[in-house]
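Student: Sending over a structure as structure tokens; questions will come in a sec.
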Amino acid sequence: MGATYEYTGLRPTDIAELARIHERGFPAFFLTSLGLPFLREFYRGHLDDPSAVAVVARLASGPQRGRPVGVVVGTTRPAGFYSRLLRRHGVAFALAGARGALRHPTAVPRLVRALTYRGDAPAPSFALLSSIVVDPAHGGSGIGAELQERWCHRAAAMGARRAYLQTDADENIAVRAFYRRCGWVETQVSTTPEGRRLMRNERDLTALAPGDDTHPTDPRSTR
Ligand SMILES: CC(C)(COP(=O)(O)OP(=O)(O)OC[C@H]1O[C@@H](n2cnc3c(N)ncnc32)[C@H](O)[C@@H]1OP(=O)(O)O)[C@@H](O)C(=O)NCCC(=O)NCCS
């Protein structure tokens, strides 16, 4: 029998493992280049912000029961999310960021921009899905689809009526197809100062019952 998974909120004990999963799932990406301490602060920052929306997939059976295998994070208030994070965790972020900057000095302007990012939500009712990643060892088992679905239900229950996310527009066919299959609609392309083309995806959440963050399927998935 294959692995079974369960889905919960984010817990303090998940942070170290989620940073490692992020590193494995996004080997050549910006946040990863800043190192594990920075990744840990990134996930820790979603523990205590009331606007944070986070769902963790974990093993539901076996000796490693409870171990995280995937995560999705975001916020119902993208505007100022990272500056709020900085206010609460400024020292830890500064230390983790400084270590990352020493490893990759060219990342500094981008890091400053990310931390002072005030959001680019089309309207205040939009929630932002900022990161989703599944441990590659458990990829293709339906975890990513389930995570984003539960994230959308939670965001809707917290009052969001639409959600958006950004993903690479180029050389990213599989992930773009993944979002399409999950019900997201590609809306517009933008270009970052580094010349990276991003595709905005949006999803209407109004059909997801407000006040209901449970999922229609059984909490345990055997896919
Ligand atoms: C994208 C990601 C989260 C998908 O998670 P996953 O658990 O492997 O995906 P699922 O098993 O839930 O797949 C859901 C659907 O997408 C499809 N899909 C997933 N990965 C795919 C791929 N590489 N190519 C084509 N289709 C894919 C599946 O076939 C499935 O469709 P189905 O329901 O019709 O069978 C995961 O691959 C990942 O962590 N990637 C690295 C990080 C990343 O790129 N995150 C997104 C950045 S914006």
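Starting from 1 in every chain, residues are counted up; chains themselves are A, B, ... following the order of the structure tokens, and ligands are numbered from 1 as listed.
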Give me, as a list in words, all polymer residues having an atom no more than 9 Å from Pro12 (chain A), counting only C-alpha atoms and skipping those fewer than 2 positions away in the same chain.

Tutor: Leu10, Asp14, Ile15, Ala16, Arg44 and Leu47 of chain A

Student: Could you name the residues that touch region 179-191 of chain A at 10 Å or less, counting only C-alpha atoms, but leaving out those on the same chain fewer than 4 positions away, as a ChimeraX atom specification?

Tutor: /A:144-146,148-149,163-169,174-175,195-204

Student: May I have the selected residues written with C-alpha atoms, as a PDB file, in the first residue's frame?

Tutor:
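Generated output (selection-v2.pdb):
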ATOM      1  CA  GLY A 144       0.162  19.455  -4.338  1.00  0.00           C
ATOM      2  CA  ALA A 145      -3.398  19.518  -5.679  1.00  0.00           C
ATOM      3  CA  GLU A 146      -4.819  18.767  -2.238  1.00  0.00           C
ATOM      4  CA  GLN A 148      -3.686  24.203  -2.895  1.00  0.00           C
ATOM      5  CA  GLU A 149      -7.355  23.152  -2.639  1.00  0.00           C
ATOM      6  CA  ALA A 163      -6.602  34.470  -4.856  1.00  0.00           C
ATOM      7  CA  TYR A 164      -3.530  35.021  -6.994  1.00  0.00           C
ATOM      8  CA  LEU A 165      -0.019  33.663  -7.342  1.00  0.00           C
ATOM      9  CA  GLN A 166       3.005  34.273  -9.511  1.00  0.00           C
ATOM     10  CA  THR A 167       4.974  31.566 -11.268  1.00  0.00           C
ATOM     11  CA  ASP A 168       7.690  31.570 -13.929  1.00  0.00           C
ATOM     12  CA  ALA A 169       6.260  32.200 -17.376  1.00  0.00           C
ATOM     13  CA  ALA A 174       4.712  21.403 -15.859  1.00  0.00           C
ATOM     14  CA  VAL A 175       3.964  23.828 -13.015  1.00  0.00           C
ATOM     15  CA  GLY A 195      14.349  40.180 -16.497  1.00  0.00           C
ATOM     16  CA  ARG A 196      12.468  37.127 -15.161  1.00  0.00           C
ATOM     17  CA  ARG A 197       9.014  36.826 -16.725  1.00  0.00           C
ATOM     18  CA  LEU A 198       6.278  35.940 -14.237  1.00  0.00           C
ATOM     19  CA  MET A 199       2.822  34.618 -15.031  1.00  0.00           C
ATOM     20  CA  ARG A 200       0.051  35.738 -12.688  1.00  0.00           C
ATOM     21  CA  ASN A 201      -2.608  33.084 -11.972  1.00  0.00           C
ATOM     22  CA  GLU A 202      -5.936  33.847 -10.355  1.00  0.00           C
ATOM     23  CA  ARG A 203      -8.651  31.705  -8.823  1.00  0.00           C
ATOM     24  CA  ASP A 204     -12.185  32.670  -7.871  1.00  0.00           C
TER      25      ASP A 204
END

Student: Can you tell me which residues come within 6 Å of ligand 1 when counting only C-alpha atoms and all ligand atoms, ideally as a ChimeraX atom specification?

Tutor: /A:25-26,132-134,139-145,167,174-175,177-178

Student: Taking only C-alpha atoms into account, name the residue in A:Asp48, A:Arg154, A:Leu85, A:Thr76 that is nearest to Thr8 (chain A).

Tutor: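 Using only C-alpha atoms, Thr8 (chain A) sits closest to A:Arg154.
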
Student: Between A:Ser125, A:Thr4, A:Ser33, A:Ser131, single out the one closest to Leu18 (chain A), counting only C-alpha atoms.

Tutor: A:Ser131

Student: Which of these residues is nearest to Thr75 (chain A), using only C-alpha atoms: A:Leu208, A:Leu129, A:Ala137, A:Met158?

Tutor: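 Ranking A:Leu208, A:Leu129, A:Ala137, A:Met158 by distance to Thr75 (chain A), first place goes to A:Leu129.
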
Student: Which residues in region 118-204 of chain A does DSSP call helix (DSSP H, G or I)? List them as number ranges by chain.

Tutor: A: 136-138, 143-157, 173-181

Student: So which one's closest to Phe38 (chain A), A:Ala3, A:Ala60, A:Ala79, A:Ala98? Using only C-alpha atoms, please.

Tutor: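 For Phe38 (chain A), the nearest of the given residues is A:Ala98.
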
Student: Using only C-alpha atoms, determine which residues lie at most 8 Å from Ala96 (chain A), disregarding the query and same-chain residues fewer than 4 positions distant; provide the list as an MDAnalysis selection string.

Tutor: chainID A and resid 34:35 37:38 41 92 100

Student: Mind giving me the straight-line distance from CA of Gly74 (chain A) to CA of Arg88 (chain A) in Å, one decimal?

Tutor: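 If I compute the distance from CA of Gly74 (chain A) to CA of Arg88 (chain A), I get 16.9 Å.
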
Student: Where in region 1-217 of chain A does DSSP assign strand (DSSP E or B), given as a ChimeraX atom specification?

Tutor: /A:5-8,52-59,68-75,126-134,162-168,185-191,197-204

Student: Any chance you can output those residues with N, CA and C atoms as a short mmCIF file (atom, residue, chain, number, x, y, z; two decimals), in the first residue's frame?

Tutor:
data_model
loop_
_atom_site.label_atom_id
_atom_site.label_comp_id
_atom_site.auth_asym_id
_atom_site.auth_seq_id
_atom_site.Cartn_x
_atom_site.Cartn_y
_atom_site.Cartn_z
N TYR A 5 -1.54 10.36 3.61
CA TYR A 5 -1.17 11.71 4.04
C TYR A 5 -2.32 12.35 4.79
N GLU A 6 -1.97 13.25 5.71
CA GLU A 6 -3.00 14.06 6.36
C GLU A 6 -2.58 15.52 6.28
N TYR A 7 -3.55 16.40 6.50
CA TYR A 7 -3.33 17.83 6.25
C TYR A 7 -3.72 18.61 7.50
N THR A 8 -2.82 19.48 7.94
CA THR A 8 -3.07 20.27 9.15
C THR A 8 -2.56 21.69 8.93
N ALA A 52 -1.86 35.00 7.85
CA ALA A 52 -1.17 33.91 7.16
C ALA A 52 -2.11 32.73 6.93
N VAL A 53 -1.98 32.12 5.77
CA VAL A 53 -2.76 30.92 5.43
C VAL A 53 -1.74 29.84 5.10
N ALA A 54 -1.71 28.78 5.90
CA ALA A 54 -0.69 27.74 5.70
C ALA A 54 -1.32 26.37 5.89
N VAL A 55 -0.97 25.44 5.02
CA VAL A 55 -1.42 24.05 5.16
C VAL A 55 -0.19 23.15 4.98
N VAL A 56 -0.07 22.18 5.86
CA VAL A 56 1.06 21.24 5.80
C VAL A 56 0.52 19.84 5.52
N ALA A 57 1.16 19.14 4.57
CA ALA A 57 0.84 17.73 4.33
C ALA A 57 1.85 16.91 5.10
N ARG A 58 1.37 15.86 5.78
CA ARG A 58 2.31 15.03 6.54
C ARG A 58 1.96 13.55 6.41
N LEU A 59 2.94 12.72 6.71
CA LEU A 59 2.71 11.28 6.66
C LEU A 59 1.66 10.92 7.70
N PRO A 68 6.39 16.21 7.98
CA PRO A 68 5.89 16.98 6.84
C PRO A 68 6.46 16.49 5.51
N VAL A 69 5.61 16.50 4.47
CA VAL A 69 6.07 16.15 3.12
C VAL A 69 5.71 17.23 2.10
N GLY A 70 5.03 18.28 2.55
CA GLY A 70 4.69 19.36 1.63
C GLY A 70 4.05 20.51 2.39
N VAL A 71 4.07 21.68 1.77
CA VAL A 71 3.52 22.86 2.45
C VAL A 71 3.07 23.90 1.43
N VAL A 72 2.02 24.62 1.78
CA VAL A 72 1.62 25.80 1.00
C VAL A 72 1.42 26.95 1.98
N VAL A 73 1.98 28.11 1.64
CA VAL A 73 1.82 29.28 2.51
C VAL A 73 1.39 30.49 1.68
N GLY A 74 0.75 31.43 2.37
CA GLY A 74 0.34 32.67 1.72
C GLY A 74 -0.31 33.57 2.75
N THR A 75 -1.03 34.57 2.27
CA THR A 75 -1.63 35.54 3.19
C THR A 75 -2.91 36.12 2.58
N PHE A 126 -8.06 40.11 -2.66
CA PHE A 126 -7.25 39.00 -3.18
C PHE A 126 -6.31 38.47 -2.10
N ALA A 127 -6.28 37.15 -1.93
CA ALA A 127 -5.26 36.51 -1.10
C ALA A 127 -4.09 36.12 -2.00
N LEU A 128 -2.90 36.06 -1.43
CA LEU A 128 -1.71 35.67 -2.19
C LEU A 128 -1.22 34.29 -1.76
N LEU A 129 -1.13 33.37 -2.71
CA LEU A 129 -0.48 32.07 -2.44
C LEU A 129 1.00 32.28 -2.78
N SER A 130 1.85 32.37 -1.76
CA SER A 130 3.23 32.75 -2.07
C SER A 130 4.17 31.59 -2.32
N SER A 131 3.89 30.41 -1.78
CA SER A 131 4.81 29.30 -2.05
C SER A 131 4.11 27.97 -1.82
N ILE A 132 4.31 27.04 -2.75
CA ILE A 132 3.82 25.67 -2.56
C ILE A 132 4.95 24.73 -2.98
N VAL A 133 5.21 23.74 -2.15
CA VAL A 133 6.27 22.78 -2.50
C VAL A 133 5.96 21.43 -1.86
N VAL A 134 6.25 20.38 -2.64
CA VAL A 134 6.06 19.00 -2.17
C VAL A 134 7.43 18.31 -2.23
N ARG A 162 -10.98 36.19 -3.90
CA ARG A 162 -10.17 35.72 -5.03
C ARG A 162 -8.76 35.50 -4.53
N ALA A 163 -8.00 34.69 -5.24
CA ALA A 163 -6.60 34.47 -4.86
C ALA A 163 -5.74 34.61 -6.10
N TYR A 164 -4.47 34.96 -5.88
CA TYR A 164 -3.53 35.02 -6.99
C TYR A 164 -2.18 34.46 -6.57
N LEU A 165 -1.38 34.14 -7.57
CA LEU A 165 -0.02 33.66 -7.34
C LEU A 165 0.79 34.03 -8.57
N GLN A 166 2.10 34.00 -8.40
CA GLN A 166 3.00 34.27 -9.51
C GLN A 166 3.87 33.04 -9.72
N THR A 167 4.06 32.67 -10.97
CA THR A 167 4.97 31.57 -11.27
C THR A 167 5.76 31.93 -12.52
N ASP A 168 6.89 31.24 -12.75
CA ASP A 168 7.69 31.57 -13.93
C ASP A 168 6.88 31.36 -15.20
N VAL A 185 -6.43 30.35 -13.31
CA VAL A 185 -6.50 30.91 -14.66
C VAL A 185 -5.35 31.91 -14.83
N GLU A 186 -4.59 31.74 -15.91
CA GLU A 186 -3.48 32.66 -16.17
C GLU A 186 -4.04 34.00 -16.65
N THR A 187 -3.57 35.10 -16.03
CA THR A 187 -4.16 36.39 -16.37
C THR A 187 -3.19 37.39 -17.00
N GLN A 188 -1.95 37.48 -16.50
CA GLN A 188 -1.05 38.45 -17.12
C GLN A 188 0.41 38.15 -16.84
N VAL A 189 1.26 38.60 -17.75
CA VAL A 189 2.71 38.40 -17.60
C VAL A 189 3.34 39.71 -17.16
N SER A 190 4.30 39.62 -16.23
CA SER A 190 5.07 40.80 -15.85
C SER A 190 6.54 40.42 -15.87
N THR A 191 7.42 41.41 -15.85
CA THR A 191 8.86 41.14 -15.89
C THR A 191 9.52 41.79 -14.69
N ARG A 197 10.43 36.63 -16.37
CA ARG A 197 9.01 36.83 -16.73
C ARG A 197 8.13 35.98 -15.81
N LEU A 198 7.18 36.63 -15.16
CA LEU A 198 6.28 35.94 -14.24
C LEU A 198 4.87 35.90 -14.81
N MET A 199 4.22 34.76 -14.61
CA MET A 199 2.82 34.62 -15.03
C MET A 199 1.93 34.70 -13.80
N ARG A 200 1.00 35.66 -13.79
CA ARG A 200 0.05 35.74 -12.69
C ARG A 200 -1.08 34.74 -12.95
N ASN A 201 -1.46 33.99 -11.91
CA ASN A 201 -2.61 33.08 -11.97
C ASN A 201 -3.63 33.55 -10.95
N GLU A 202 -4.89 33.44 -11.31
CA GLU A 202 -5.94 33.85 -10.36
C GLU A 202 -6.97 32.73 -10.21
N ARG A 203 -7.58 32.68 -9.04
CA ARG A 203 -8.65 31.70 -8.82
C ARG A 203 -9.78 32.37 -8.05
N ASP A 204 -10.99 32.16 -8.54
CA ASP A 204 -12.19 32.67 -7.87
C ASP A 204 -12.50 31.77 -6.68
#

Student: Just checking: using only C-alpha atoms, which residue out of A:Pro50, A:Leu86, A:Ala157, A:Asn172 ends up closest to Leu205 (chain A)?

Tutor: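 The shortest atom-to-atom distance to Leu205 (chain A) comes from A:Ala157.
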
Student: Using only C-alpha atoms, can you tell me which of A:Pro136, A:His89, A:Gly9, A:Gly2 comes closest to Trp151 (chain A)?

Tutor: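 For Trp151 (chain A), the nearest of the given residues is A:Gly9.
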
Student: At what distance in Å, to one decimal, does CA of Tyr82 (chain A) lie from CA of Gly45 (chain A)?

Tutor: 8.8 Å
